[in-house]
Amino acid sequence: MAPLTITSTAKLASGKAIPRLGFGVWDSPSHLTTKSCLEAMKVGYRHIDTAQVYGNEKEVGGAVQQSKLSREDLYVTSKILSPGSDDAATYQKCLESVHKIDGKDGYLDLMLIHNSTSGAGGIKLMWQAMEKLHQEGKIKSIGVSNFGIGHIQGMKEYAQIWPPMVNQLELHPWLQQREIVDYCHKNNIVVEAYCPLVRNQKAKNPDLAALADKHGKSTAQVLVRYCLQKNWVPLPKSDNPGRIAQNADIYDFELDKQDMETLSGQGQEPALVMAVDNQAK
Ligand SMILES: NC(=O)c1ccc[n+]([C@@H]2O[C@H](COP(=O)([O-])OP(=O)(O)OC[C@H]3O[C@@H](n4cnc5c(N)ncnc54)[C@H](OP(=O)(O)O)[C@@H]3O)[C@@H](O)[C@H]2O)c1
């Protein structure tokens with residue numbers, strides 16, 4: 001395998017390439033989001049992860065417009081949490097994300113169903129709206145987030161595009177969700193890791209701190225590197241320019257087999273955000 005670099009990509013079932021490192025903007029206050037995204041682009045990130053419920057799609061769009069990079073060199077994801085009242089309203093809801101982020105003639109690289117809480121009917125409405133936008137070239141790839149095996153299997157009944165191209169999950173050493181991750185990898189579904197830094201809650205963990213010392217890196221850097229070596233697409237978030245740069249400065253060291261086993265051997269803990277539920281509802 002070629003060594004990982006900040007320009008490494010993974011290939012989606014759509015044939016499109018997705019940058020292996022992303023930049024999260026959940027909880028980024030809207031007055032900082034554009035600035036933070038531009039800062040991230042400056043140090044080499046090319047992939048931004050937002051969502052309708054984050055309330056900062058317009059500010060992400062501001063960074064896309066202000067960036068000196070061409071649109072094709074950037075990768076932007078948003079997510080829809082709940083459908084509109086019918087097909088047309090759901091389609092419109094998705095289209096609004098495209099317009100907020102990339103203007104009337106623009107596109108999104110990836111849109112995800114944020115989670116499964118809308119139930120089977122809601123998931124179907126959102127998936128079909130996203131399929132239509134995909135056919136129209138307004139959303140280049142489509143996927144899901146926080147979905148278990150049951151939800152993904154359930155989509156087979158109506159999906160023209162199956163499997164979803166991505167499943168975004170909370171993933172880090174303390175929450176590895178092995179069953180759904182294996183299923184995704186076997187089915188050519190790219191796995192994205194949210195909360196890859198465990199929101200800095202494990203910075204004092206002795207095993208993690210020892211690995212950071214061993215490699216002369218921060219605990220956050222070890223965690224992002226761990227995700228990459230697990231074949232996940234990590235989406236670290238920061239609004240601090242120093243930490244934005246630090247979290248992407250992870251290509252000058254490698255975790256060895258023993259290091260990976262130490263991290264993978266951590267006790268599993270409850271999800272910070274949402275554990276997947278394998279029962280389709
Ligand atoms: N699909 C979903 O349901 C879902 C759920 C949650 C998150 N996400 C996505 O995944 C992204 C990442 O998850 P997250 O934001 O929840 O958690 P995270 O990336 O694990 O952690 C972010 C937190 O860690 C701090 N931090 C960042 N870099 C640091 C460093 N080098 N050292 C110490 N602290 C550092 C940040 O503070 P500062 O900003 O002050 O640096 C922030 O408080 C989100 O932004 C979002 O895009 C998706």
# chains A, B, ... in the order shown; residues from 1 in each chain; ligands from 1
>>> closest_atom_pairs(of="chain A", to="ligand 1", cutoff="6 Å", atoms="only C-alpha atoms and all ligand atoms", output="tab-separated table")
residue	atom	partner	partner_atom_place_in_ligand_line	distance
A:Gly24	CA	ligand 1	47 (O)	3.3
A:Val25	CA	ligand 1	45 (O)	4.0
A:Trp26	CA	ligand 1	45 (O)	3.6
A:Asp49	CA	ligand 1	47 (O)	4.6
A:Thr50	CA	ligand 1	47 (O)	5.3
A:His114	CA	ligand 1	1 (N)	5.6
A:Ser145	CA	ligand 1	1 (N)	5.2
A:Gln168	CA	ligand 1	1 (N)	5.7
A:Tyr194	CA	ligand 1	10 (O)	3.7
A:Cys195	CA	ligand 1	20 (O)	3.2
A:Pro196	CA	ligand 1	20 (O)	4.4
A:Leu197	CA	ligand 1	20 (O)	3.3
A:Val198	CA	ligand 1	20 (O)	4.1
A:Arg199	CA	ligand 1	21 (O)	3.4
A:Asn200	CA	ligand 1	34 (N)	4.8
A:Ala220	CA	ligand 1	31 (N)	4.8
A:Leu235	CA	ligand 1	11 (C)	4.9
A:Pro236	CA	ligand 1	19 (O)	3.7
A:Lys237	CA	ligand 1	19 (O)	4.0
A:Ser238	CA	ligand 1	39 (O)	3.2
A:Asp239	CA	ligand 1	39 (O)	3.9
A:Asn240	CA	ligand 1	41 (O)	4.8
A:Arg243	CA	ligand 1	31 (N)	4.4
A:Gln246	CA	ligand 1	31 (N)	5.9
A:Asn247	CA	ligand 1	31 (N)	5.5
>>> residues_around(residues="Ala63 of chain A", least_positions_apart="6", cutoff="9 Å", atoms="only C-alpha atoms", output="list in words")
Thr33, Thr34, Lys35, Ser36, Cys37, Leu38, Met41 and Ile101 of chain A
>>> closest_residue(among="A:Ala209, A:Ala129, A:Cys184, A:Leu171", to="Ile152 of chain A", atoms="only C-alpha atoms")
A:Cys184
>>> residues_around(residues="Glu254 of chain A", least_positions_apart="6", cutoff="10 Å", atoms="only C-alpha atoms", output="PDB file with C-alpha atoms, in the first residue's frame")
ATOM      1  CA  PRO A   3       2.197   5.512   2.195  1.00  0.00           C
ATOM      2  CA  LEU A   4      -0.610   7.716   3.498  1.00  0.00           C
ATOM      3  CA  HIS A 215       6.118   8.839  18.736  1.00  0.00           C
ATOM      4  CA  VAL A 222      -2.189   9.364  17.573  1.00  0.00           C
ATOM      5  CA  ARG A 225      -3.499   8.287  12.738  1.00  0.00           C
ATOM      6  CA  TYR A 226      -5.177   5.246  14.350  1.00  0.00           C
ATOM      7  CA  GLN A 229      -4.615   2.939   9.732  1.00  0.00           C
ATOM      8  CA  MET A 260      -2.553  -0.621  16.962  1.00  0.00           C
TER       9      MET A 260
END
>>> closest_residue(among="A:Ala13, A:Ala193, A:Ala212, A:Gln176", to="Gly267 of chain A", atoms="only C-alpha atoms")
A:Gln176
>>> closest_residue(among="A:Glu261, A:Asp182, A:Asp252, A:Glu170", to="Leu208 of chain A", atoms="only C-alpha atoms")
A:Glu261
>>> select_by_dssp(residues="segment 16-159 of chain A", states="helix (DSSP H, G or I)", output="number ranges by chain")
A: 30-42, 52-54, 57-66, 71-73, 87-102, 119-135, 149-157
>>> select_by_dssp(residues="segment 22-181 of chain A", states="strand (DSSP E or B)", output="JSON, numbers by chain")
{"A": [23, 24, 47, 48, 49, 75, 76, 77, 78, 79, 80, 108, 109, 110, 111, 112, 113, 139, 140, 141, 142, 143, 144, 145, 166, 167, 168, 169, 170, 172, 175]}
>>> closest_residue(among="A:Leu133, A:Leu81, A:Val233, A:Ala2", to="Asp109 of chain A", atoms="only C-alpha atoms")
A:Leu133
>>> atom_distance(atom1="atom CA of Gly15 of chain A", atom2="atom CA of Ser141 of chain A")
8.9 Å
>>> closest_residue(among="A:Ala120, A:Val60, A:Leu112, A:Ala10", to="Lys156 of chain A", atoms="only C-alpha atoms")
A:Ala120
>>> closest_residue(among="A:Asp259, A:Glu179, A:Glu269, A:Glu39", to="Leu211 of chain A", atoms="only C-alpha atoms")
A:Asp259
>>> atom_distance(atom1="atom CA of Ala40 of chain A", atom2="atom CA of Met111 of chain A")
20.6 Å
>>> residues_around(residues="Lys124 of chain A", least_positions_apart="6", cutoff="9 Å", atoms="only C-alpha atoms", output="list in words")
Met155, Tyr158 and Ala159 of chain A
>>> residues_around(residues="Ser85 of chain A", least_positions_apart="3", cutoff="10 Å", atoms="only C-alpha atoms", output="compact mmCIF listing (two decimals) with N, CA and C atoms, in the first residue's frame")
# COMPACT_ATOMS: atom_id res chain seq x y z
N SER A 82 -34.16 14.65 8.86
CA SER A 82 -35.55 14.20 8.79
C SER A 82 -36.15 14.63 7.46
N ALA A 88 -41.65 15.73 -2.65
CA ALA A 88 -41.20 17.01 -3.18
C ALA A 88 -40.54 17.86 -2.09
N ALA A 89 -41.15 17.85 -0.91
CA ALA A 89 -40.59 18.67 0.19
C ALA A 89 -39.25 18.10 0.66
N THR A 90 -39.12 16.79 0.60
CA THR A 90 -37.85 16.16 1.02
C THR A 90 -36.75 16.47 0.00
N GLY A 122 -39.38 7.34 6.73
CA GLY A 122 -38.60 8.58 6.58
C GLY A 122 -37.29 8.33 5.84
N LEU A 125 -38.04 8.07 2.14
CA LEU A 125 -38.27 9.39 1.51
C LEU A 125 -36.94 10.11 1.26
>>> atom_distance(atom1="atom CA of Asn56 of chain A", atom2="atom CA of Lys79 of chain A")
11.8 Å
>>> residues_around(residues="Asp102 of chain A", least_positions_apart="5", cutoff="9 Å", atoms="only C-alpha atoms", output="NGL selection string")
:A and (58 or 61-62 or 64-65 or 71 or 97 or 107-108)
>>> residues_around(residues="Gln160 of chain A", least_positions_apart="5", cutoff="12 Å", atoms="only C-alpha atoms", output="CSV table (one decimal) with N, CA, C and O atoms, in the first residue's frame")
chain,number,residue,atom,x,y,z
A,124,LYS,N,-36.8,6.0,3.6
A,124,LYS,CA,-37.1,5.8,2.2
A,124,LYS,C,-37.3,7.2,1.5
A,124,LYS,O,-36.7,7.4,0.4
A,127,TRP,N,-33.9,8.8,1.1
A,127,TRP,CA,-33.0,8.1,0.2
A,127,TRP,C,-33.4,8.4,-1.3
A,127,TRP,O,-32.6,8.6,-2.1
A,128,GLN,N,-34.7,8.3,-1.5
A,128,GLN,CA,-35.2,8.5,-2.8
A,128,GLN,C,-35.0,9.9,-3.3
A,128,GLN,O,-34.7,10.2,-4.5
A,129,ALA,N,-35.1,10.9,-2.4
A,129,ALA,CA,-34.8,12.3,-2.8
A,129,ALA,C,-33.3,12.4,-3.1
A,129,ALA,O,-33.0,13.1,-4.1
A,130,MET,N,-32.5,11.8,-2.3
A,130,MET,CA,-31.0,11.9,-2.6
A,130,MET,C,-30.7,11.1,-3.9
A,130,MET,O,-29.8,11.6,-4.6
A,131,GLU,N,-31.4,10.0,-4.2
A,131,GLU,CA,-31.1,9.3,-5.4
A,131,GLU,C,-31.4,10.2,-6.6
A,131,GLU,O,-30.7,10.2,-7.6
A,132,LYS,N,-32.5,10.9,-6.5
A,132,LYS,CA,-32.9,11.8,-7.6
A,132,LYS,C,-31.9,12.9,-7.8
A,132,LYS,O,-31.4,13.2,-9.0
A,134,HIS,N,-28.8,12.7,-7.0
A,134,HIS,CA,-27.6,12.0,-7.5
A,134,HIS,C,-27.7,11.9,-9.1
A,134,HIS,O,-26.8,12.2,-9.8
A,135,GLN,N,-28.9,11.4,-9.5
A,135,GLN,CA,-29.1,11.3,-10.9
A,135,GLN,C,-29.0,12.6,-11.7
A,135,GLN,O,-28.5,12.7,-12.8
A,142,ILE,N,-23.9,9.4,-2.4
A,142,ILE,CA,-24.9,9.4,-1.3
A,142,ILE,C,-24.7,8.2,-0.3
A,142,ILE,O,-24.2,7.2,-0.7
A,155,MET,N,-33.0,-1.1,3.2
A,155,MET,CA,-33.0,-0.2,2.1
A,155,MET,C,-33.1,-0.9,0.8
A,155,MET,O,-33.5,-0.3,-0.2
